[in-house]
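**Student:** See input-v2.txt below, with compact mmCIF, C-alpha atoms.
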```txt
# COMPACT_ATOMS: atom_id res chain seq x y z
CA ALA C 118 8.93 39.32 30.48
CA ALA C 119 10.01 40.32 27.06
CA PRO C 120 12.00 37.73 25.16
CA ALA C 121 15.75 38.09 25.28
CA GLU C 122 17.06 40.36 22.61
CA GLY C 123 18.66 38.55 19.79
CA ALA C 124 20.14 39.56 16.52
CA MET C 125 17.40 40.77 14.28
CA SER C 126 18.15 40.37 10.65
CA ASN C 127 15.57 40.51 7.93
CA GLY C 128 12.95 40.75 10.60
CA VAL C 129 13.63 37.21 11.75
CA TYR C 130 14.48 36.49 15.30
CA VAL C 131 17.82 34.77 15.69
CA PRO C 132 18.55 33.52 19.19
CA PRO C 133 21.89 34.80 20.47
CA SER C 134 23.15 31.35 21.36
CA ALA C 135 22.90 30.15 17.84
CA ALA C 136 24.45 33.20 16.31
CA ASN C 137 27.85 32.46 17.79
CA GLY C 138 28.06 28.81 16.92
CA ASP C 139 28.99 27.17 13.68
CA VAL C 140 25.50 26.48 12.53
CA LYS C 141 23.41 29.43 11.60
CA PRO C 142 19.75 28.89 11.00
CA VAL C 143 18.79 29.30 7.42
CA VAL C 144 16.95 32.55 7.42
CA SER C 145 15.00 32.56 4.22
CA THR C 146 15.13 31.39 0.66
CA THR C 147 15.02 34.79 -0.97
CA PRO C 148 18.72 34.77 -1.90
CA LEU C 149 18.20 31.48 -3.60
CA VAL C 150 15.25 32.75 -5.53
CA ASP C 151 17.49 35.41 -6.99
CA PHE C 152 20.12 32.80 -7.58
CA LEU C 153 17.65 30.69 -9.42
CA MET C 154 17.14 33.48 -11.92
CA GLN C 155 20.87 33.67 -12.53
CA LEU C 156 21.00 29.95 -12.95
CA GLU C 157 19.55 30.12 -16.39
CA ASP C 158 22.85 31.35 -17.75
CA TYR C 159 24.98 28.81 -16.06
CA THR C 160 24.75 25.18 -17.07
CA PRO C 161 25.93 22.72 -14.51
CA THR C 162 28.19 19.89 -15.45
CA ILE C 163 25.56 17.24 -15.04
CA PRO C 164 23.17 17.39 -17.99
CA ASP C 165 19.57 18.10 -17.21
CA ALA C 166 18.44 14.90 -18.82
CA VAL C 167 20.56 12.75 -16.53
CA THR C 168 19.54 14.52 -13.35
CA GLY C 169 15.95 14.50 -14.49
CA TYR C 170 16.15 10.77 -15.14
CA TYR C 171 17.31 10.00 -11.62
CA LEU C 172 14.82 12.40 -10.09
CA ASN C 173 12.02 10.79 -12.05
CA ARG C 174 13.03 7.39 -10.80
CA ALA C 175 12.70 8.75 -7.28
CA GLY C 176 9.24 10.08 -8.01
CA PHE C 177 10.17 13.71 -8.32
CA GLU C 178 8.35 15.46 -11.11
CA ALA C 179 10.08 18.71 -11.83
CA SER C 180 7.88 21.55 -12.80
CA ASP C 181 10.66 24.06 -13.39
CA PRO C 182 13.84 23.11 -15.27
CA ARG C 183 15.82 25.50 -13.11
CA ILE C 184 15.05 23.37 -10.09
CA ILE C 185 16.74 20.47 -11.83
CA ARG C 186 19.79 22.61 -12.37
CA LEU C 187 19.78 23.62 -8.76
CA ILE C 188 19.74 20.01 -7.65
CA SER C 189 22.48 19.02 -10.05
CA LEU C 190 24.54 21.92 -8.81
CA ALA C 191 24.04 20.85 -5.20
CA ALA C 192 25.09 17.30 -6.05
CA GLN C 193 28.13 18.58 -7.91
CA LYS C 194 29.17 20.66 -4.96
CA PHE C 195 28.76 17.67 -2.69
CA ILE C 196 31.16 15.61 -4.78
CA SER C 197 33.65 18.40 -5.30
CA ASP C 198 33.77 19.11 -1.58
CA ILE C 199 34.71 15.51 -0.98
CA ALA C 200 37.25 15.68 -3.79
CA ASN C 201 38.83 18.77 -2.27
CA ASP C 202 39.08 17.12 1.10
CA ALA C 203 40.69 14.09 -0.49
CA LEU C 204 43.13 16.38 -2.30
CA GLN C 205 44.15 17.97 0.96
CA HIS C 206 44.69 14.55 2.46
CA CYS C 207 46.85 13.69 -0.50
CA LYS C 208 48.84 16.87 -0.18
CA MET C 209 49.30 16.38 3.53
CA LYS C 210 50.69 12.93 2.99
CA GLY C 211 52.97 14.10 0.25
CA THR C 212 54.65 17.04 1.94
CA ALA C 213 54.43 15.77 5.50
CA SER C 214 58.00 14.73 5.66
CA GLY C 215 59.12 17.82 3.82
CA SER C 216 60.66 15.87 0.97
CA SER C 217 61.01 18.49 -1.64
CA ARG C 218 61.39 22.15 -0.84
CA ASN C 219 62.80 23.48 -4.04
CA LYS C 220 59.91 22.62 -6.15
CA SER C 221 56.48 22.14 -4.90
CA LYS C 222 54.99 18.79 -4.76
CA ASP C 223 54.62 17.38 -8.22
CA LYS C 224 51.33 18.25 -9.71
CA LYS C 225 50.35 14.71 -10.35
CA TYR C 226 47.85 13.83 -7.74
CA THR C 227 46.12 10.53 -7.97
CA LEU C 228 42.94 9.92 -6.12
CA THR C 229 43.30 6.70 -4.24
CA MET C 230 41.06 4.93 -1.84
CA GLU C 231 43.49 5.69 0.97
CA ASP C 232 42.80 9.37 0.52
CA LEU C 233 39.14 9.01 -0.15
CA THR C 234 38.35 6.92 2.91
CA PRO C 235 39.29 9.47 5.58
CA ALA C 236 37.70 12.25 3.54
CA LEU C 237 34.45 10.33 3.47
CA ALA C 238 34.76 9.41 7.12
CA GLU C 239 34.42 13.07 8.01
CA TYR C 240 31.04 13.05 6.30
CA GLY C 241 30.02 9.95 8.16
CA ILE C 242 30.33 7.67 5.15
CA ASN C 243 32.37 4.59 5.90
CA VAL C 244 33.74 2.66 2.97
CA LYS C 245 35.74 -0.49 3.36
CA LYS C 246 37.35 -1.94 0.30
CA PRO C 247 39.40 -5.08 0.31
CA HIS C 248 43.11 -4.46 -0.08
CA TYR C 249 43.46 -7.12 -2.68
CA PHE C 250 41.46 -8.29 -5.60
CA THR C 251 41.32 -11.97 -6.38
CA ARG B 81 30.17 -5.30 -14.61
CA ALA B 82 32.44 -4.70 -17.58
CA GLY B 83 33.13 -8.40 -17.92
CA SER B 84 29.57 -9.63 -17.69
CA LYS B 85 28.28 -11.49 -20.68
CA GLN B 86 24.62 -10.91 -19.99
CA PRO B 87 22.75 -9.37 -22.89
CA THR B 88 21.50 -5.94 -22.04
CA THR B 89 17.94 -4.96 -22.63
CA PRO B 90 17.12 -1.51 -23.96
CA ALA B 91 16.18 -0.48 -20.44
CA ASP B 92 19.60 -1.55 -19.21
CA ASN B 93 21.27 0.38 -21.97
CA TYR B 94 19.26 3.38 -21.04
CA TYR B 95 20.39 3.05 -17.46
CA LEU B 96 24.00 2.34 -18.30
CA ALA B 97 24.29 5.34 -20.59
CA ARG B 98 23.29 7.64 -17.82
CA ARG B 99 25.60 5.91 -15.43
CA ARG B 100 28.49 6.46 -17.78
CA THR B 101 27.54 10.10 -18.02
CA LEU B 102 27.71 10.35 -14.27
CA GLN B 103 31.14 8.81 -14.33
CA VAL B 104 32.27 11.38 -16.84
CA VAL B 105 30.88 14.10 -14.63
CA VAL B 106 32.70 12.75 -11.62
CA SER B 107 35.91 12.58 -13.56
CA SER B 108 35.55 16.17 -14.68
CA LEU B 109 34.90 17.27 -11.11
CA LEU B 110 38.02 15.48 -9.96
CA THR B 111 40.03 17.10 -12.71
CA GLU B 112 38.73 20.46 -11.67
CA ALA B 113 39.75 19.75 -8.10
CA GLY B 114 43.28 19.10 -9.22
CA PHE B 115 43.66 15.38 -9.58
CA GLU B 116 45.45 14.01 -12.59
CA SER B 117 44.27 10.48 -12.29
CA ALA B 118 42.20 8.39 -10.01
CA GLU B 119 41.70 4.83 -8.99
CA LYS B 120 38.87 3.02 -10.66
CA ALA B 121 37.39 2.06 -7.34
CA ALA B 122 37.43 5.66 -6.17
CA VAL B 123 35.63 6.87 -9.29
CA GLU B 124 33.06 4.12 -8.92
CA THR B 125 32.53 5.05 -5.31
CA LEU B 126 31.98 8.68 -6.13
CA THR B 127 29.66 7.81 -9.01
CA GLU B 128 27.55 5.65 -6.77
CA MET B 129 27.44 8.40 -4.18
CA LEU B 130 26.40 10.95 -6.75
CA GLN B 131 23.61 8.81 -8.08
CA SER B 132 22.24 8.00 -4.68
CA TYR B 133 22.57 11.63 -3.62
CA ILE B 134 20.45 12.81 -6.51
CA SER B 135 17.88 10.09 -5.90
CA GLU B 136 17.72 10.88 -2.22
CA ILE B 137 17.20 14.58 -2.88
CA GLY B 138 14.38 13.72 -5.26
CA ARG B 139 12.70 11.32 -2.87
CA SER B 140 13.04 13.56 0.14
CA ALA B 141 11.88 16.68 -1.68
CA LYS B 142 8.85 14.79 -2.91
CA SER B 143 8.10 13.64 0.61
CA TYR B 144 8.30 17.16 1.98
CA CYS B 145 6.11 18.43 -0.78
CA GLU B 146 3.49 15.78 -0.21
CA HIS B 147 3.71 16.40 3.51
CA THR B 148 2.14 19.80 2.92
CA ALA B 149 -0.59 18.38 0.68
CA ARG B 150 0.95 19.46 -2.59
CA THR B 151 2.06 17.50 -5.62
CA GLN B 152 4.49 19.87 -7.30
CA PRO B 153 7.74 20.34 -5.44
CA THR B 154 8.93 23.92 -5.07
CA LEU B 155 12.15 25.61 -4.18
CA SER B 156 11.37 25.58 -0.48
CA ASP B 157 10.99 21.81 -0.48
CA ILE B 158 14.39 21.40 -2.02
CA VAL B 159 15.98 23.87 0.38
CA VAL B 160 14.53 22.03 3.33
CA THR B 161 15.74 18.74 1.86
CA LEU B 162 19.26 20.03 1.40
CA VAL B 163 19.32 21.43 4.89
CA GLU B 164 18.15 18.12 6.25
CA MET B 165 20.89 16.31 4.39
CA GLY B 166 23.51 18.52 5.97
CA PHE B 167 24.20 20.64 2.96
CA ASN B 168 25.14 24.23 3.53
CA VAL B 169 22.83 26.03 1.17
CA GLU B 170 24.34 29.46 1.55
CA THR B 171 27.55 28.44 -0.11
CA LEU B 172 25.76 27.31 -3.22
CA PRO B 173 25.77 30.61 -5.14
CA ALA B 174 29.44 31.06 -4.35
CA TYR B 175 30.22 27.63 -5.70
CA ALA B 176 28.28 28.24 -8.87
CA LYS B 177 30.12 31.42 -9.61
CA ARG B 178 33.45 29.90 -8.78
CA SER B 179 33.33 27.00 -11.10
CA GLN B 180 32.71 29.07 -14.14
CA ARG B 181 36.31 28.39 -14.93
CA MET B 182 36.36 25.21 -16.79
CA VAL B 183 33.95 22.54 -16.77
CA ILE B 184 31.03 22.31 -19.08
CA THR B 185 31.49 18.92 -20.54
CA ALA B 186 29.42 15.78 -20.65
CA PRO B 187 27.22 16.20 -23.71
CA PRO B 188 23.65 15.22 -23.04
CA VAL B 189 22.71 11.65 -23.69
CA THR B 190 20.70 10.98 -26.81
CA ASN B 191 17.19 9.82 -26.25
CA GLN B 192 17.00 6.08 -25.99
CA PRO B 193 13.43 5.21 -25.26
CA VAL B 194 12.66 1.67 -24.26
CA THR B 195 11.80 -0.13 -27.47
CA PRO B 196 9.02 -2.67 -27.28
CA LYS B 197 10.01 -6.23 -27.84
CA ALA B 198 8.37 -8.62 -30.28
CA LEU B 199 6.48 -10.24 -27.43
CA THR B 200 4.00 -7.42 -26.93
CA ALA B 201 0.51 -8.48 -27.76
CA GLY B 202 -2.07 -5.89 -28.40
CA GLN B 203 -1.81 -2.22 -27.71
CA ASN B 204 -1.05 -0.91 -24.28
CA LYS B 205 -3.50 1.38 -22.70
CA PRO B 206 -2.30 4.96 -22.88
CA HIS B 207 -1.68 6.93 -19.74
CA PRO B 208 -4.56 8.80 -18.23
CA SER B 209 -3.98 12.49 -17.97
CA HIS B 210 -3.15 12.55 -14.28
CA ILE B 211 -0.15 10.26 -14.65
CA PRO B 212 3.14 11.98 -15.54
CA GLY B 213 4.84 10.97 -18.71
CA HIS B 214 7.99 9.50 -17.25
CA PHE B 215 6.18 6.69 -15.47
CA PRO B 216 6.41 3.25 -17.07
CA GLU B 217 3.70 2.23 -19.43
CA PHE B 218 0.77 0.02 -18.68
CA PRO B 219 1.37 -3.69 -19.18
CA ASP B 220 -0.08 -5.60 -22.08
CA PRO B 221 -3.85 -5.71 -22.01
CA HIS B 222 -3.97 -9.48 -21.81
CA THR B 223 -2.63 -9.31 -18.28
CA TYR B 224 -5.68 -7.65 -16.87
CA ILE B 225 -8.50 -8.32 -19.30
CA LYS B 226 -10.94 -10.75 -17.81
CA THR B 227 -13.49 -12.81 -19.69
CA PRO B 228 -16.08 -14.57 -17.61
CA THR B 229 -16.10 -18.31 -18.10
CA TYR B 230 -19.67 -18.91 -17.06
CA ARG B 231 -22.68 -18.49 -19.25
CA GLU B 232 -25.12 -15.84 -18.33
CA PRO B 233 -27.91 -17.28 -16.22
CA VAL B 234 -31.25 -17.51 -17.94
CA SER B 235 -33.50 -14.75 -16.80
CA ASP B 236 -36.46 -15.41 -19.03
CA TYR B 237 -39.62 -15.37 -16.93
CA GLN B 238 -41.31 -18.29 -18.62
CA VAL B 239 -38.27 -20.50 -18.40
CA LEU B 240 -37.76 -19.64 -14.77
CA ARG B 241 -41.36 -20.42 -13.88
CA GLU B 242 -41.16 -23.74 -15.65
CA LYS B 243 -37.94 -24.56 -13.87
CA ALA B 244 -39.33 -23.64 -10.48
CA ALA B 245 -42.48 -25.64 -11.03
CA SER B 246 -40.64 -28.74 -12.22
CA GLN B 247 -38.20 -28.48 -9.32
CA ARG B 248 -41.00 -28.31 -6.79
CA ARG B 249 -42.74 -31.27 -8.34
CA ASP B 250 -39.52 -33.28 -8.28
CA VAL B 251 -38.90 -32.43 -4.66
CA GLU B 252 -42.38 -33.45 -3.67
CA ARG B 253 -42.15 -36.69 -5.55
CA ALA B 254 -38.78 -37.55 -4.09
CA LEU B 255 -39.90 -36.82 -0.56
CA THR B 256 -43.04 -38.91 -0.78
CA ARG B 257 -41.19 -41.82 -2.31
CA PHE B 258 -38.67 -41.60 0.48
CA MET B 259 -41.37 -41.70 3.11
CA ALA B 260 -43.03 -44.57 1.34
CA LYS B 261 -39.81 -46.54 1.17
CA THR B 262 -39.00 -46.04 4.82
CA GLY B 263 -42.43 -46.22 6.34
CA GLU B 264 -45.47 -48.33 6.09
CA THR B 265 -47.19 -48.43 2.73
CA GLN B 266 -50.50 -49.33 1.32
CA SER B 267 -50.83 -50.31 -2.27
CA LEU B 268 -53.60 -49.63 -4.73
CA PHE B 269 -53.15 -52.77 -6.70
CA LYS B 270 -53.41 -56.19 -5.24
CA ASP B 271 -50.42 -57.83 -6.84
CA ASP B 272 -48.05 -55.04 -7.54
CA VAL B 273 -46.80 -53.48 -4.31
CA SER B 274 -43.87 -51.40 -5.42
CA THR B 275 -45.20 -49.48 -8.37
CA PHE B 276 -47.45 -46.97 -6.70
CA PRO B 277 -46.78 -47.06 -3.01
CA LEU B 278 -48.99 -44.94 -0.89
CA ILE B 279 -47.98 -43.75 2.48
CA ALA B 280 -50.07 -45.69 4.91
CA ALA B 281 -52.55 -43.70 6.88
CA ARG B 282 -52.46 -44.29 10.55
CA PRO B 283 -55.95 -44.58 11.89
CA PHE B 284 -56.48 -42.91 15.21
CA THR B 285 -58.66 -44.37 17.84
CA VAL B 286 -60.38 -41.08 18.41
CA PRO B 287 -60.08 -39.26 15.06
CA TYR B 288 -61.27 -35.83 16.17
CA LEU B 289 -58.81 -35.64 19.05
CA THR B 290 -56.08 -33.91 17.13
CA ALA B 291 -58.39 -31.05 16.22
CA LEU B 292 -59.17 -30.36 19.85
CA LEU B 293 -55.82 -30.81 21.51
CA PRO B 294 -53.01 -28.24 21.19
CA SER B 295 -50.19 -29.08 18.82
CA GLU B 296 -47.09 -30.96 19.81
CA LEU B 297 -44.90 -27.90 19.93
CA GLU B 298 -47.04 -26.21 22.46
CA MET B 299 -47.19 -29.39 24.48
CA GLN B 300 -43.43 -29.34 24.68
CA GLN B 301 -43.31 -25.79 25.83
CA MET B 302 -45.93 -26.35 28.46
CA GLU B 303 -43.98 -29.32 29.75
CA GLU B 304 -40.85 -27.24 30.06
CA THR B 305 -42.50 -24.41 31.84
CA ASP B 306 -44.24 -26.85 34.19
CA SER B 307 -41.06 -28.65 35.11
CA SER B 308 -39.13 -25.47 35.89
CA GLU B 309 -41.92 -23.78 37.75
CA GLN B 310 -39.98 -24.23 40.96
CA ASP B 311 -37.43 -21.58 39.94
CA ASP B 312 -38.29 -17.94 40.37
CA GLN B 313 -36.63 -16.95 37.17
CA THR B 314 -38.96 -18.83 34.95
CA ASP B 315 -41.85 -17.51 36.94
CA THR B 316 -40.93 -14.05 35.84
CA GLU B 317 -40.67 -15.40 32.33
CA ASN B 318 -44.10 -16.87 32.55
CA LEU B 319 -45.56 -13.68 33.85
CA PRO B 320 -44.76 -11.57 30.78
CA LEU B 321 -45.97 -14.38 28.57
CA HIS B 322 -49.26 -14.62 30.40
CA ILE B 323 -49.49 -10.89 30.59
CA SER B 324 -48.98 -10.62 26.88
CA THR B 325 -51.64 -13.19 26.25
CA ASP B 326 -53.98 -11.42 28.62
CA ASP B 327 -53.28 -8.15 26.91
CA SER B 328 -53.83 -9.51 23.47
CA GLY B 329 -57.00 -11.21 24.61
CA PRO B 330 -59.18 -8.19 25.37
CA GLU B 331 -58.03 -6.57 22.19
CA LYS B 332 -59.71 -9.28 20.15
CA GLU B 333 -63.42 -9.15 19.52
CA ASN B 334 -64.58 -12.59 20.64
CA ALA B 335 -63.62 -13.79 24.07
CA SER B 336 -63.19 -17.51 24.40
CA VAL B 337 -62.24 -19.02 21.07
CA LEU B 338 -60.08 -16.20 19.94
CA GLN B 339 -58.48 -16.00 23.32
CA GLN B 340 -57.33 -19.55 22.93
CA ASN B 341 -56.10 -18.70 19.47
CA SER B 342 -54.29 -15.70 20.71
CA SER B 343 -52.76 -17.64 23.55
CA LEU B 344 -51.63 -20.22 21.06
CA SER B 345 -50.29 -17.56 18.74
CA GLY B 346 -48.76 -15.68 21.63
CA SER B 347 -46.99 -18.75 22.86
CA ARG B 348 -45.96 -19.62 19.39
CA ASN B 349 -44.67 -16.13 18.83
CA GLY B 350 -42.88 -16.32 22.10
CA GLU B 351 -41.38 -19.60 21.09
CA GLU B 352 -40.43 -18.20 17.75
CA ASN B 353 -38.78 -15.31 19.50
CA MET B 354 -36.93 -17.72 21.67
CA ILE B 355 -35.89 -20.01 18.88
CA ASP B 356 -34.94 -17.32 16.45
CA ASN B 357 -31.62 -16.25 17.85
CA PRO B 358 -29.89 -18.83 19.97
CA TYR B 359 -27.83 -16.21 21.70
CA LEU B 360 -30.92 -14.41 22.88
CA ARG B 361 -32.60 -17.36 24.46
CA PRO B 362 -33.23 -16.94 28.13
CA VAL B 363 -31.08 -18.97 30.40
CA LYS B 364 -32.52 -22.37 31.16
CA LYS B 365 -31.48 -23.68 34.46
CA PRO B 366 -31.08 -27.42 34.68
CA LYS B 367 -33.98 -29.28 36.11
CA ILE B 368 -33.33 -29.81 39.76
CA ARG B 369 -34.92 -32.91 41.05
CA ARG B 370 -35.80 -31.93 44.54
CA LYS B 371 -36.55 -34.84 46.71
CA LYS B 372 -39.74 -34.13 48.47
```
Any chance you could give the structure as structure tokens?

**Tutor:**
Amino acid sequence: AAPAEGAMSNGVYVPPSAANGDVKPVVSTTPLVDFLMQLEDYTPTIPDAVTGYYLNRAGFEASDPRIIRLISLAAQKFISDIANDALQHCKMKGTASGSSRNKSKDKKYTLTMEDLTPALAEYGINVKKPHYFT
Amino acid sequence: RAGSKQPTTPADNYYLARRRTLQVVVSSLLTEAGFESAEKAAVETLTEMLQSYISEIGRSAKSYCEHTARTQPTLSDIVVTLVEMGFNVETLPAYAKRSQRMVITAPPVTNQPVTPKALTAGQNKPHPSHIPGHFPEFPDPHTYIKTPTYREPVSDYQVLREKAASQRRDVERALTRFMAKTGETQSLFKDDVSTFPLIAARPFTVPYLTALLPSELEMQQMEETDSSEQDDQTDTENLPLHISTDDSGPEKENASVLQQNSSLSGSRNGEENMIDNPYLRPVKKPKIRRKK
């Protein structure tokens, strides 16, 4: 019996069950190869020396400096995703009761542990800080 | 950590500088997200997460690369690592293009190599070519240099021969003196007994008897085989022994004398074979005194 027809994209067989769900299988790395070429123009926030230092401590010897930039970019995105989630938590708490409707919530958001903890919990990272400091 | 009074080594400074850079990076990312300020604990948490994230990517990518028998990590290794860590790789180009808005801060850290202290002794061995440059240096040579504390043994032929000869003479002398002291002695001189003791010769009643009789060892073996002749097992043992002696007999030229010699040598060889390895000795059943 022939295998069930699935979505064929780029000549790679994608099973139909997976195509509907949230997680799509990573098809290939060709888009990233192109992206790597573009990466030479863009400098990520983390300097190459710092990322390289931590990668060297882990035993990773980078042959291509663009790979270091890719990793620093991935790490940046990781942190900024968490920061965005924490910001949304902060905004939800602020305007939950509908305090101010004339002007939007004041633009001064402060990142606190109360916002960060639920944002991290969604990623599976549990932090517990004491409420008081002696 | 800010309040610690411990003096920092150059290596610590090196590490702290990069840590501070990471904190600056985290702060800039938070600013870009829209926060005006942040708690110190939150910034520390995110810094720690960032550092461990980078280290984990490096370690995991290296593991994947070595898993396929390579040493240089490639793009595929990193992609697989990111996927394994739950990172959505397809959104990465979009993120890069998006954040072109603002943030290119955090000037690179100036090079602070670890300066050697005044305690280094001697020059460290340089890295061989197969070791990457960022690995720590070799320790001081005095930690692994070994100097043998013994003198070289003398290997001169003449000296060795002299030593061997003198040792043999000393051993002989000591052994004979021991036998003289513990056994009966005869003395050469009438008055002085202890100066040159001679081991007393035991006169036999029939002096030529020892030449004719078999030696004591063979007497022992013959006794053992005679006493356990009642068991079948030793009979089979005797058979190959006798067979071997019979076989070796015709092979010799002369019949009678040499046959006795060969039987002696055969039994002695057999005994040597038995004695040689105690684990290979045939099982000796205890002597059963049958009451007849």

**Student:** Wanna dump the chain B-chain C contacts at 8 Å for me, each residue with its shortest atom pair and the distance in Å to one decimal, counting all atoms listed in the file, ordered by chain and number, as CSV?

**Tutor:**
```
residue,atom,partner,partner_atom,distance
B:Arg98,CA,C:Val167,CA,5.9
B:Thr101,CA,C:Val167,CA,7.6
B:Leu102,CA,C:Ile163,CA,7.3
B:Val105,CA,C:Ile163,CA,6.2
B:Val106,CA,C:Ile196,CA,7.6
B:Leu109,CA,C:Ser197,CA,6.0
B:Leu110,CA,C:Ala200,CA,6.2
B:Ala113,CA,C:Asn201,CA,6.0
B:Gly114,CA,C:Tyr226,CA,7.1
B:Phe115,CA,C:Tyr226,CA,4.8
B:Glu116,CA,C:Tyr226,CA,5.4
B:Ser117,CA,C:Thr227,CA,4.7
B:Ala118,CA,C:Leu228,CA,4.2
B:Glu119,CA,C:Thr229,CA,5.3
B:Ala121,CA,C:Met230,CA,7.2
B:Ala122,CA,C:Met230,CA,5.7
B:Leu126,CA,C:Ile196,CA,7.1
B:Leu130,CA,C:Ala192,CA,6.5
B:Gln131,CA,C:Tyr171,CA,7.3
B:Tyr133,CA,C:Ala192,CA,6.7
B:Ile134,CA,C:Ala192,CA,6.5
B:Ser135,CA,C:Ala175,CA,5.5
B:Glu136,CA,C:Ala175,CA,7.4
B:Ile137,CA,C:Ile188,CA,7.7
B:Gly138,CA,C:Leu172,CA,5.0
B:Arg139,CA,C:Ala175,CA,5.1
B:Ala141,CA,C:Phe177,CA,7.5
B:Lys142,CA,C:Phe177,CA,5.7
B:Gln152,CA,C:Ser180,CA,6.7
B:Pro153,CA,C:Ala179,CA,7.0
B:Thr154,CA,C:Ile184,CA,7.9
B:Leu155,CA,C:Ile184,CA,7.0
B:Ser156,CA,C:Thr146,CA,7.0
B:Ile158,CA,C:Ile188,CA,7.9
B:Val159,CA,C:Thr146,CA,7.6
B:Phe167,CA,C:Phe195,CA,7.8
B:Leu172,CA,C:Ala191,CA,7.0
B:Pro173,CA,C:Phe152,CA,6.5
B:Tyr175,CA,C:Lys194,CA,7.1
B:Ala176,CA,C:Leu190,CA,7.3
B:Gln180,CA,C:Tyr159,CA,8.0
B:Val183,CA,C:Thr162,CA,6.5
B:Ile184,CA,C:Thr162,CA,5.2
B:Thr185,CA,C:Thr162,CA,6.1
B:Ala186,CA,C:Thr162,CA,6.7
B:Pro187,CA,C:Pro164,CA,7.1
B:Pro188,CA,C:Pro164,CA,5.5
B:Val189,CA,C:Ala166,CA,7.2
B:Pro212,CA,C:Glu178,CA,7.7
B:His214,CA,C:Asn173,CA,6.7
B:Phe215,CA,C:Asn173,CA,7.9
```

**Student:** Between atom CA of B:Glu170 and atom CA of C:Pro235, what is the distance, to one decimal in Å?

**Tutor:**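 Interatomic distance, atom CA of B:Glu170 to atom CA of C:Pro235: 25.3 Å.
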
**Student:** Tell me, in Å to one decimal, how far atom CA of B:Gln103 is from atom CA of B:Val160.

**Tutor:** 27.6 Å

**Student:** Atom CA of B:Ser107 to atom CA of B:Glu128: how many Å, to one decimal?

**Tutor:** 12.8 Å
